[in-house]
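Chemist: To be precise about what I am sending: the file is called entry-v1.txt and holds compact mmCIF, C-alpha atoms and all ligand atoms.
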```
# COMPACT_ATOMS: atom_id res chain seq x y z
CA MET A 191 2.05 118.95 96.44
CA ALA A 192 -0.68 116.96 94.69
CA LEU A 193 -1.02 113.20 94.40
CA ARG A 194 -0.43 112.24 90.78
CA ILE A 195 -3.15 109.94 89.52
CA GLY A 196 -3.03 107.23 86.87
CA VAL A 197 -6.38 105.79 85.76
CA VAL A 198 -6.77 102.43 84.00
CA GLY A 199 -10.19 101.85 82.41
CA PHE A 200 -11.86 104.69 80.57
CA GLY A 201 -15.50 103.61 80.36
CA THR A 202 -18.54 104.93 82.23
CA VAL A 203 -16.86 105.42 85.60
CA GLY A 204 -13.32 106.16 84.33
CA GLN A 205 -14.55 109.03 82.17
CA SER A 206 -16.70 110.48 84.96
CA VAL A 207 -13.71 110.40 87.31
CA ALA A 208 -11.48 112.09 84.72
CA ARG A 209 -14.03 114.78 83.95
CA ARG A 210 -14.51 115.54 87.63
CA LEU A 211 -10.74 115.73 88.22
CA LEU A 212 -10.34 118.08 85.23
CA ASP A 213 -13.47 120.23 85.62
CA THR A 214 -13.05 120.84 89.35
CA PRO A 215 -9.33 121.00 89.92
CA ASP A 216 -8.31 120.26 93.50
CA PRO A 217 -4.83 120.98 94.86
CA ARG A 218 -4.69 117.50 96.45
CA VAL A 219 -5.00 115.42 93.28
CA ARG A 220 -3.87 115.73 89.65
CA LEU A 221 -4.81 113.43 86.77
CA LEU A 222 -1.52 112.63 85.08
CA ARG A 223 -2.11 109.64 82.82
CA VAL A 224 -4.89 107.39 81.48
CA CYS A 225 -4.43 103.81 80.33
CA GLY A 226 -6.94 102.63 77.72
CA ARG A 227 -7.23 99.24 76.08
CA ALA A 228 -4.99 98.37 73.12
CA ASN A 229 -7.28 98.30 70.05
CA GLY A 230 -10.01 99.78 72.26
CA ARG A 231 -11.39 103.29 72.29
CA GLU A 232 -9.23 106.17 71.07
CA ARG A 233 -7.99 109.02 73.20
CA PRO A 234 -11.01 111.35 73.46
CA ALA A 235 -10.66 114.89 72.06
CA TRP A 236 -11.77 116.46 75.36
CA LEU A 237 -8.82 115.02 77.31
CA PRO A 238 -6.23 117.85 77.55
CA ARG A 239 -2.68 117.27 76.29
CA SER A 240 -1.41 117.69 79.85
CA VAL A 241 -2.91 114.26 80.58
CA GLY A 242 -0.94 111.38 79.09
CA TRP A 243 -2.65 108.54 77.18
CA THR A 244 -1.19 105.05 76.96
CA THR A 245 -2.30 101.50 76.25
CA ASP A 246 0.56 100.04 78.33
CA PHE A 247 -0.37 99.50 81.99
CA ASP A 248 3.33 99.64 82.93
CA ALA A 249 3.16 103.38 82.22
CA LEU A 250 1.14 103.71 85.43
CA LEU A 251 3.97 102.07 87.38
CA ALA A 252 6.38 104.85 86.40
CA PRO A 253 7.81 106.82 89.35
CA ASP A 254 5.76 109.93 88.59
CA ILE A 255 2.46 108.20 89.48
CA ASP A 256 1.42 108.11 93.15
CA VAL A 257 -2.01 106.45 92.96
CA VAL A 258 -3.37 103.90 90.48
CA VAL A 259 -7.16 103.98 89.99
CA GLU A 260 -8.52 100.75 88.49
CA LEU A 261 -11.87 101.12 86.67
CA VAL A 262 -11.83 98.17 84.29
CA GLY A 263 -13.58 95.45 86.31
CA GLY A 264 -13.20 91.65 86.47
CA ILE A 265 -10.55 89.60 88.25
CA GLN A 266 -7.77 89.49 85.69
CA PRO A 267 -5.75 91.39 84.66
CA ALA A 268 -6.94 93.78 87.41
CA ARG A 269 -5.59 91.58 90.23
CA SER A 270 -2.07 91.35 88.76
CA TRP A 271 -2.06 95.05 87.90
CA LEU A 272 -2.97 96.07 91.44
CA HIS A 273 -0.42 93.71 92.97
CA ARG A 274 2.24 95.24 90.76
CA ALA A 275 1.05 98.78 91.55
CA LEU A 276 1.28 98.18 95.32
CA ILE A 277 4.68 96.53 95.00
CA ALA A 278 5.83 99.54 92.97
CA GLY A 279 4.87 101.75 95.95
CA LYS A 280 1.59 103.14 94.57
CA SER A 281 -1.60 103.46 96.55
CA VAL A 282 -4.63 101.95 94.85
CA VAL A 283 -8.29 102.92 94.47
CA THR A 284 -10.78 100.63 92.73
CA ALA A 285 -14.54 100.23 92.21
CA ASN A 286 -14.16 96.56 91.23
CA LYS A 287 -16.57 94.54 93.40
CA GLN A 288 -15.60 91.08 92.07
CA LEU A 289 -11.94 91.72 92.71
CA VAL A 290 -12.46 93.16 96.20
CA ALA A 291 -14.91 90.39 97.17
CA GLU A 292 -12.50 87.64 96.07
CA HIS A 293 -9.09 89.18 96.72
CA GLY A 294 -9.66 92.26 98.90
CA GLN A 295 -7.93 90.76 101.92
CA GLU A 296 -4.74 89.89 100.08
CA LEU A 297 -4.63 93.36 98.49
CA LEU A 298 -5.24 95.07 101.84
CA ALA A 299 -2.49 92.99 103.45
CA LEU A 300 -0.08 93.82 100.64
CA ALA A 301 -0.95 97.52 100.91
CA ALA A 302 -0.26 97.40 104.66
CA ARG A 303 3.11 95.72 104.09
CA GLN A 304 3.97 98.34 101.50
CA GLN A 305 2.74 101.17 103.76
CA ARG A 306 0.37 102.22 101.02
CA THR A 307 -3.41 102.68 100.93
CA PHE A 308 -5.99 100.43 99.24
CA ARG A 309 -9.55 101.80 99.04
CA PHE A 310 -12.72 100.59 97.32
CA GLU A 311 -15.72 102.74 98.31
CA GLY A 312 -17.18 102.60 94.77
CA ALA A 313 -17.29 98.79 94.83
CA VAL A 314 -20.38 98.71 97.08
CA ALA A 315 -23.54 100.76 96.50
CA GLY A 316 -21.89 103.22 94.03
CA GLY A 317 -22.21 106.72 95.46
CA VAL A 318 -23.56 105.67 98.89
CA PRO A 319 -20.58 105.90 101.27
CA VAL A 320 -21.49 102.72 103.08
CA VAL A 321 -18.01 101.19 103.26
CA ARG A 322 -16.62 104.12 105.20
CA ALA A 323 -19.80 104.53 107.24
CA VAL A 324 -19.69 100.92 108.42
CA GLU A 325 -15.90 100.79 108.80
CA ASP A 326 -15.57 104.07 110.70
CA GLY A 327 -18.96 105.44 111.70
CA LEU A 328 -20.28 102.21 113.21
CA ALA A 329 -16.94 100.87 114.45
CA GLY A 330 -18.06 101.38 118.05
CA ASP A 331 -20.91 98.88 117.74
CA ARG A 332 -21.01 95.10 117.44
CA LEU A 333 -22.83 94.65 114.15
CA LEU A 334 -25.35 91.84 113.93
CA GLY A 335 -27.06 92.10 110.55
CA ILE A 336 -27.03 93.72 107.11
CA THR A 337 -30.02 93.97 104.77
CA GLY A 338 -29.73 95.72 101.46
CA ILE A 339 -30.90 96.50 97.97
CA LEU A 340 -27.56 96.47 96.18
CA ASN A 341 -28.53 96.14 92.52
CA GLY A 342 -30.38 98.91 90.68
CA THR A 343 -31.04 96.81 87.57
CA CYS A 344 -33.15 94.35 89.57
CA ASN A 345 -34.92 97.24 91.25
CA TYR A 346 -35.88 98.66 87.89
CA ILE A 347 -37.07 95.32 86.49
CA LEU A 348 -39.10 94.43 89.58
CA SER A 349 -40.75 97.85 89.78
CA ARG A 350 -41.72 97.59 86.07
CA ILE A 351 -43.28 94.16 86.61
CA GLU A 352 -45.13 95.60 89.59
CA ARG A 353 -46.35 98.88 88.10
CA ALA A 354 -46.91 97.94 84.44
CA GLY A 355 -48.03 94.36 85.13
CA ILE A 356 -45.65 93.11 82.41
CA PRO A 357 -43.78 89.76 82.48
CA PHE A 358 -40.10 89.53 83.50
CA ASP A 359 -38.82 89.11 79.88
CA GLU A 360 -40.51 92.33 78.75
CA ALA A 361 -39.27 94.31 81.77
CA LEU A 362 -35.74 92.99 81.14
CA ARG A 363 -35.91 93.97 77.46
CA GLU A 364 -36.99 97.50 78.46
CA ALA A 365 -34.10 97.72 80.94
CA GLN A 366 -31.65 96.61 78.23
CA GLU A 367 -33.04 99.16 75.72
CA LEU A 368 -32.62 101.93 78.31
CA GLY A 369 -29.05 100.83 79.09
CA TYR A 370 -29.92 99.78 82.67
CA ALA A 371 -29.18 96.10 82.01
CA GLU A 372 -26.27 94.38 80.24
CA ALA A 373 -26.75 92.27 77.10
CA ASP A 374 -25.97 89.31 79.40
CA PRO A 375 -28.04 90.16 82.50
CA THR A 376 -27.10 87.02 84.48
CA ALA A 377 -24.86 88.75 87.05
CA ASP A 378 -27.62 91.18 88.01
CA VAL A 379 -30.73 89.04 87.67
CA ASP A 380 -29.33 85.91 89.32
CA GLY A 381 -27.86 87.86 92.25
CA PHE A 382 -24.10 87.43 91.60
CA ASP A 383 -23.45 91.18 91.44
CA ALA A 384 -25.26 91.80 94.75
CA ARG A 385 -23.55 88.87 96.47
CA ALA A 386 -20.07 90.24 95.67
CA LYS A 387 -21.09 93.52 97.34
CA LEU A 388 -22.62 91.63 100.26
CA ALA A 389 -19.40 89.64 100.76
CA ILE A 390 -17.46 92.93 100.98
CA LEU A 391 -19.96 94.33 103.50
CA CYS A 392 -19.69 91.15 105.61
CA ALA A 393 -15.92 91.52 105.77
CA ILE A 394 -16.20 95.14 106.88
CA ALA A 395 -19.17 94.80 109.24
CA PHE A 396 -18.38 91.44 110.87
CA GLY A 397 -14.64 91.11 110.26
CA VAL A 398 -15.39 87.74 108.67
CA ARG A 399 -14.44 86.55 105.22
CA VAL A 400 -17.53 85.11 103.50
CA ARG A 401 -16.78 83.44 100.17
CA THR A 402 -19.10 84.58 97.39
CA SER A 403 -19.71 80.93 96.52
CA ASP A 404 -21.09 80.39 100.06
CA ILE A 405 -23.76 83.06 99.55
CA GLU A 406 -26.95 81.41 98.29
CA CYS A 407 -28.51 83.23 95.32
CA GLY A 408 -32.08 83.14 94.00
CA SER A 409 -32.97 84.65 90.62
CA ILE A 410 -35.64 87.32 90.11
CA ALA A 411 -36.40 85.80 86.67
CA SER A 412 -39.28 83.75 88.08
CA VAL A 413 -41.12 86.73 89.66
CA THR A 414 -44.49 87.38 87.96
CA PRO A 415 -47.09 90.18 88.06
CA ASP A 416 -49.35 87.79 90.03
CA ASP A 417 -46.67 87.51 92.73
CA PHE A 418 -46.92 91.26 93.21
CA LEU A 419 -50.72 91.09 93.48
CA ARG A 420 -50.44 88.41 96.17
CA ALA A 421 -47.69 90.37 97.99
CA GLY A 422 -49.85 93.53 97.91
CA ARG A 423 -52.69 91.71 99.68
CA HIS A 424 -50.30 91.23 102.61
CA GLY A 425 -49.12 94.85 102.61
CA CYS A 426 -45.86 93.92 100.89
CA THR A 427 -43.96 94.21 97.61
CA ILE A 428 -41.00 92.23 96.20
CA ARG A 429 -37.38 93.36 95.98
CA GLN A 430 -34.04 91.62 95.43
CA ILE A 431 -32.72 91.63 98.99
CA ALA A 432 -29.17 90.85 100.05
CA SER A 433 -28.98 89.88 103.70
CA ALA A 434 -26.41 88.63 106.17
CA GLU A 435 -26.78 87.73 109.83
CA ARG A 436 -24.13 87.06 112.43
CA THR A 437 -25.02 83.78 114.17
CA GLU A 438 -23.27 81.69 116.80
CA ASP A 439 -21.97 79.43 114.02
CA GLY A 440 -20.72 82.22 111.76
CA VAL A 441 -22.36 84.41 109.13
CA VAL A 442 -25.39 83.29 107.12
CA ALA A 443 -25.87 85.27 103.90
CA CYS A 444 -28.13 85.13 100.85
CA VAL A 445 -29.46 87.18 97.92
CA LYS A 446 -32.99 86.50 96.68
CA PRO A 447 -36.35 88.06 95.76
CA THR A 448 -38.00 88.80 99.10
CA LEU A 449 -41.26 90.21 100.45
CA VAL A 450 -40.72 93.66 102.00
CA PRO A 451 -43.35 95.85 103.76
CA LEU A 452 -44.86 98.54 101.54
CA ASP A 453 -44.29 101.21 104.19
CA GLY A 454 -40.55 100.45 104.66
CA PRO A 455 -37.39 101.87 103.07
CA PHE A 456 -36.86 98.90 100.73
CA ALA A 457 -40.26 99.24 99.02
CA ARG A 458 -39.60 102.93 98.34
CA ALA A 459 -36.28 102.29 96.52
CA SER A 460 -36.60 102.72 92.76
CA GLY A 461 -34.30 102.71 89.73
CA ALA A 462 -30.60 102.77 90.60
CA GLN A 463 -31.33 103.61 94.24
CA ASN A 464 -29.60 101.37 96.77
CA VAL A 465 -30.56 100.91 100.42
CA VAL A 466 -28.38 99.36 103.10
CA ALA A 467 -29.71 98.81 106.63
CA VAL A 468 -27.16 97.80 109.25
CA ARG A 469 -28.24 96.48 112.66
CA GLY A 470 -25.99 96.84 115.68
CA GLU A 471 -26.15 95.58 119.25
CA LEU A 472 -26.06 99.09 120.75
CA GLY A 473 -27.14 101.44 117.97
CA GLY A 474 -30.04 99.45 116.53
CA GLU A 475 -30.78 99.96 112.85
CA THR A 476 -28.98 102.56 110.71
CA VAL A 477 -30.13 102.99 107.10
CA PHE A 478 -28.07 104.38 104.22
CA THR A 479 -29.61 105.19 100.85
CA GLY A 480 -28.67 106.91 97.58
CA GLN A 481 -27.57 106.35 93.98
CA GLY A 482 -26.02 102.89 93.78
CA ALA A 483 -24.79 103.05 90.18
CA GLY A 484 -23.94 105.38 87.33
CA GLY A 485 -20.73 107.12 86.31
CA ASN A 486 -21.14 110.28 88.35
CA PRO A 487 -22.32 108.79 91.67
CA THR A 488 -19.55 106.19 91.48
CA ALA A 489 -17.02 108.89 90.59
CA VAL A 490 -17.95 110.62 93.87
CA ALA A 491 -16.92 107.46 95.74
CA VAL A 492 -13.65 107.19 93.78
CA LEU A 493 -12.80 110.87 94.32
CA SER A 494 -13.60 110.59 98.03
CA ASP A 495 -11.20 107.66 98.24
CA LEU A 496 -8.53 109.74 96.48
CA PHE A 497 -8.98 112.55 98.99
CA ALA A 498 -8.70 110.01 101.81
CA VAL A 499 -5.41 108.78 100.31
CA ALA A 500 -4.25 112.39 100.05
CA ARG A 501 -5.16 113.05 103.71
CA ARG A 502 -3.15 110.04 104.77
CA GLU A 503 -0.18 110.33 102.48
CA LEU A 504 0.30 114.07 102.09
CA SER A 505 -0.05 114.92 105.76
CA SER A 506 2.02 112.11 107.23
CA VAL A 507 5.77 112.12 107.64
CA PRO A 508 6.86 109.40 105.19
CA ALA A 509 8.00 106.17 106.83
CA PRO A 510 11.63 105.33 106.01
CA ALA A 511 10.70 102.84 103.27
CA ALA A 512 8.31 105.31 101.68
CA ALA A 513 10.63 108.29 102.01
CA GLY A 514 12.94 107.07 99.28
CA ALA A 515 10.01 106.47 96.99
CA ALA A 516 8.64 109.93 97.80
CA ARG A 517 11.98 111.50 97.00
CA LYS A 518 12.08 109.61 93.72
CA ARG A 519 8.50 110.67 92.98
CA GLY A 520 9.48 114.31 93.48
CA LEU A 521 12.34 114.05 91.01
CA ALA A 522 10.97 111.81 88.34
CA LEU A 523 9.21 112.82 85.17
CA VAL A 524 8.68 110.30 82.43
CA PRO A 525 8.05 112.36 79.29
CA LYS A 526 7.63 109.19 77.23
CA TYR A 527 4.18 108.74 78.77
CA ALA A 528 3.17 112.36 79.29
N1 LIG A 601 -21.05 101.71 85.93
C1 LIG A 601 -21.45 101.73 87.20
O1 LIG A 601 -22.53 102.23 87.51
C2 LIG A 601 -20.58 101.17 88.29
C3 LIG A 601 -20.96 101.36 89.63
C4 LIG A 601 -20.13 100.87 90.65
C5 LIG A 601 -18.98 100.18 90.32
N2 LIG A 601 -18.66 100.00 89.00
C6 LIG A 601 -17.42 99.27 88.71
O2 LIG A 601 -16.51 100.16 88.07
C7 LIG A 601 -15.69 99.43 87.15
C8 LIG A 601 -15.83 100.04 85.75
O3 LIG A 601 -17.19 99.96 85.37
P1 LIG A 601 -17.74 100.75 84.08
O4 LIG A 601 -19.22 100.72 84.19
O5 LIG A 601 -17.05 102.06 83.93
O6 LIG A 601 -17.30 99.74 82.93
P2 LIG A 601 -17.14 100.05 81.37
O7 LIG A 601 -17.96 101.21 80.98
O8 LIG A 601 -17.33 98.75 80.68
O9 LIG A 601 -15.61 100.49 81.27
C9 LIG A 601 -14.55 99.60 81.39
C10 LIG A 601 -13.38 100.19 80.63
O10 LIG A 601 -12.27 99.35 80.80
C11 LIG A 601 -11.59 99.29 79.57
N3 LIG A 601 -10.75 98.11 79.48
C12 LIG A 601 -11.12 96.82 79.37
N4 LIG A 601 -10.03 96.03 79.34
C13 LIG A 601 -8.96 96.85 79.41
C14 LIG A 601 -7.55 96.63 79.38
N5 LIG A 601 -7.05 95.43 79.26
N6 LIG A 601 -6.73 97.73 79.47
C15 LIG A 601 -7.25 98.97 79.59
N7 LIG A 601 -8.57 99.23 79.61
C16 LIG A 601 -9.41 98.18 79.53
C17 LIG A 601 -12.68 99.31 78.52
O11 LIG A 601 -12.08 99.73 77.30
P3 LIG A 601 -12.91 100.00 75.93
O12 LIG A 601 -13.60 101.29 76.17
O13 LIG A 601 -11.86 100.11 74.90
O14 LIG A 601 -13.84 98.83 75.79
C18 LIG A 601 -13.64 100.33 79.12
O15 LIG A 601 -13.33 101.63 78.73
C19 LIG A 601 -16.17 97.97 87.24
O16 LIG A 601 -15.38 97.30 88.18
C20 LIG A 601 -17.59 98.10 87.77
O17 LIG A 601 -18.03 96.96 88.47
C21 LIG A 601 -19.42 100.48 87.98
```
Using structure tokens, write down the structure that the file contains.
Modeler:
Amino acid sequence: MALRIGVVGFGTVGQSVARRLLDTPDPRVRLLRVCGRANGRERPAWLPRSVGWTTDFDALLAPDIDVVVELVGGIQPARSWLHRALIAGKSVVTANKQLVAEHGQELLALAARQQRTFRFEGAVAGGVPVVRAVEDGLAGDRLLGITGILNGTCNYILSRIERAGIPFDEALREAQELGYAEADPTADVDGFDARAKLAILCAIAFGVRVRTSDIECGSIASVTPDDFLRAGRHGCTIRQIASAERTEDGVVACVKPTLVPLDGPFARASGAQNVVAVRGELGGETVFTGQGAGGNPTAVAVLSDLFAVARRELSSVPAPAAAGAARKRGLALVPKYA
């Protein structure tokens, strides 16, 4: 038996996830239906007829869907959709950092009450499996600090200022022309994207909810080629660094352009590469690195979450509340949406 997947959001990541599910079929998961935006893009020709296409999110709440994958982004309507999906007995996978940073706890609690699974590996550092690594792999330590490069756009812009000696505006324009930066680059450049990811990491690493608004942000827009020359004289370069420390009074976190040693892992990160260093009381520093953005790397994170849901839900004996839903899932087919 395979988990039947409904995907909402068919942009960069949604399409990569669909292609992967279709090109490399896996007995654990089956793409059943895609929800696109009304008046948005059309059903693509490459999507086989066996996969339904709808513009009505309610079609993903039908009994023949087991897992809803949200790849739209933003707080609303994603938050309401995922609430409704969990209440309808679906498990949920998302890569939506803003939503998880602001409302992850409430969605996790709802998933627990519903005996369903809520996973969000793609929301932090794209294809780098840092959520699971911190949550599971480092669970035996008491974690004290996190330092990371969590935004590839800033990496690209800063390395262009450094290597080509060009001003920020020109490096940003280049990044926009190459599709690395949005038309409105504020979220990346001013640190808001990285701080959402940092807030999620704080919750996982320290078990503490840090509000995004409590994370101080400094923009990279004021960094100049001269700053890099001065940094170089001290054996350093400049990167947008997200950092959080556990202190006696709680967690102190910020995102800002920071001097980093030229011979360290942060200086070596380029393009969409992300680096996350986690410091623990017993284990010392553990560093994770890899592709932090892009459709395919993020699809790896989403697929890995789906397999984790399959491990949990296909191998376990259904709890009484879920058993009825499972029986219904086995019987139901909703041809209207297929
Ligand atoms: N791209 C990355 O590298 C990356 C990495 C990590 C995490 N993420 C996260 O993954 C999520 C998706 O990102 P993306 O880059 O794939 O974004 P994207 O390319 O902009 O795709 C978003 C998709 O959502 C669709 N959409 C918008 N409103 C909708 C609605 N009301 N109903 C149905 N569909 C709707 C859009 O439809 P139209 O096509 O019709 O406009 C678009 O296809 C975001 O949460 C993002 O933060 C992205």
Chemist: Can you list, as a ChimeraX atom specification, every protein, DNA or RNA residue that comes within 7 Å of stretch 352-356 of chain A when you count all atoms listed in the file, leaving out same-chain residues fewer than 5 positions away?
Modeler: /A:361,415,418
Chemist: Just write the chosen residues, C-alpha atoms, as a PDB file, in the frame of the given file.
Modeler:
```
ATOM      1  CA  ALA A 361     -39.270  94.310  81.770  1.00  0.00           C
ATOM      2  CA  PRO A 415     -47.090  90.180  88.060  1.00  0.00           C
ATOM      3  CA  PHE A 418     -46.920  91.260  93.210  1.00  0.00           C
TER       4      PHE A 418
END
```
Chemist: Could you check which of A:Ala393, A:Ile255, A:Thr448, A:Thr488 is closest to ligand LIG 601 (chain A), using all atoms listed in the file?
Modeler: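 Looking at the shortest contact to ligand LIG 601 (chain A), the residue is A:Thr488.
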Chemist: Return as a tab-separated table the residues of chain A lying at most 6 Å from ligand LIG 601 (chain A), together with the closest atom-to-atom pair for each and the distance in Å to one decimal, counting all atoms listed in the file, with rows in chain order and ascending residue number.
Modeler:
```
residue	atom	partner	partner_atom	distance
A:Val198	CA	A:LIG601	C15	5.6
A:Gly199	CA	A:LIG601	O10	3.6
A:Phe200	CA	A:LIG601	O15	3.9
A:Gly201	CA	A:LIG601	O9	3.3
A:Thr202	CA	A:LIG601	O5	3.7
A:Val203	CA	A:LIG601	O5	3.8
A:Gly204	CA	A:LIG601	O5	5.6
A:Cys225	CA	A:LIG601	C15	5.7
A:Gly226	CA	A:LIG601	C15	4.1
A:Arg227	CA	A:LIG601	C15	3.5
A:Gly230	CA	A:LIG601	O13	3.2
A:Arg231	CA	A:LIG601	O13	4.1
A:Leu261	CA	A:LIG601	C7	4.2
A:Val262	CA	A:LIG601	O10	3.7
A:Gly263	CA	A:LIG601	O16	3.2
A:Ala285	CA	A:LIG601	O2	4.6
A:Asn286	CA	A:LIG601	O16	3.4
A:Lys287	CA	A:LIG601	O17	5.7
A:Gly312	CA	A:LIG601	C4	5.4
A:Ala313	CA	A:LIG601	C5	5.0
A:Gly316	CA	A:LIG601	C4	4.5
A:Ala483	CA	A:LIG601	O1	3.6
A:Gly484	CA	A:LIG601	O1	3.5
A:Gly485	CA	A:LIG601	O1	5.3
A:Thr488	CA	A:LIG601	C3	5.4
```
Chemist: Using all atoms listed in the file, pick whichever of A:Leu419, A:Gly381, A:Val468, A:Leu388 has the shortest atom-to-atom distance to A:Pro447.
Modeler: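 Closest to A:Pro447, using all atoms listed in the file: A:Gly381.
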Chemist: Between atom CA of A:Leu272 and atom CA of A:Ala192, what is the distance, to one decimal in Å?
Modeler: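 Atom CA of A:Ala192 lies 21.3 Å from atom CA of A:Leu272.
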Chemist: Tell me, in Å to one decimal, how far atom CA of A:Ala411 is from atom CA of A:Lys446.
Modeler: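 A separation of 10.6 Å between them.
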Chemist: Between A:Gly330, A:Gly335, A:Pro267, A:Pro215, which has the minimum distance to A:Leu472 (counting only C-alpha atoms)?
Modeler: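 So, comparing all the options, the nearest one is A:Gly330.
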Chemist: As an exercise, work out the distance from atom CA of A:Asp359 to atom CA of A:Ile347 in Å and give it to one decimal place.
Modeler: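 Interatomic distance here is 9.2 Å.
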Chemist: Quick one: everything within 10 Å of A:Val499, counting all atoms listed in the file, minus sequence neighbours fewer than 6 positions away in the same chain. Send it as a list in words.
Modeler: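 Result of the neighbour search: Leu193, Arg218, Val219, Asp256, Val257, Ser281, Val282, Val283, Arg306, Thr307, Phe308, Arg309, Leu493 and Ser505 of chain A.
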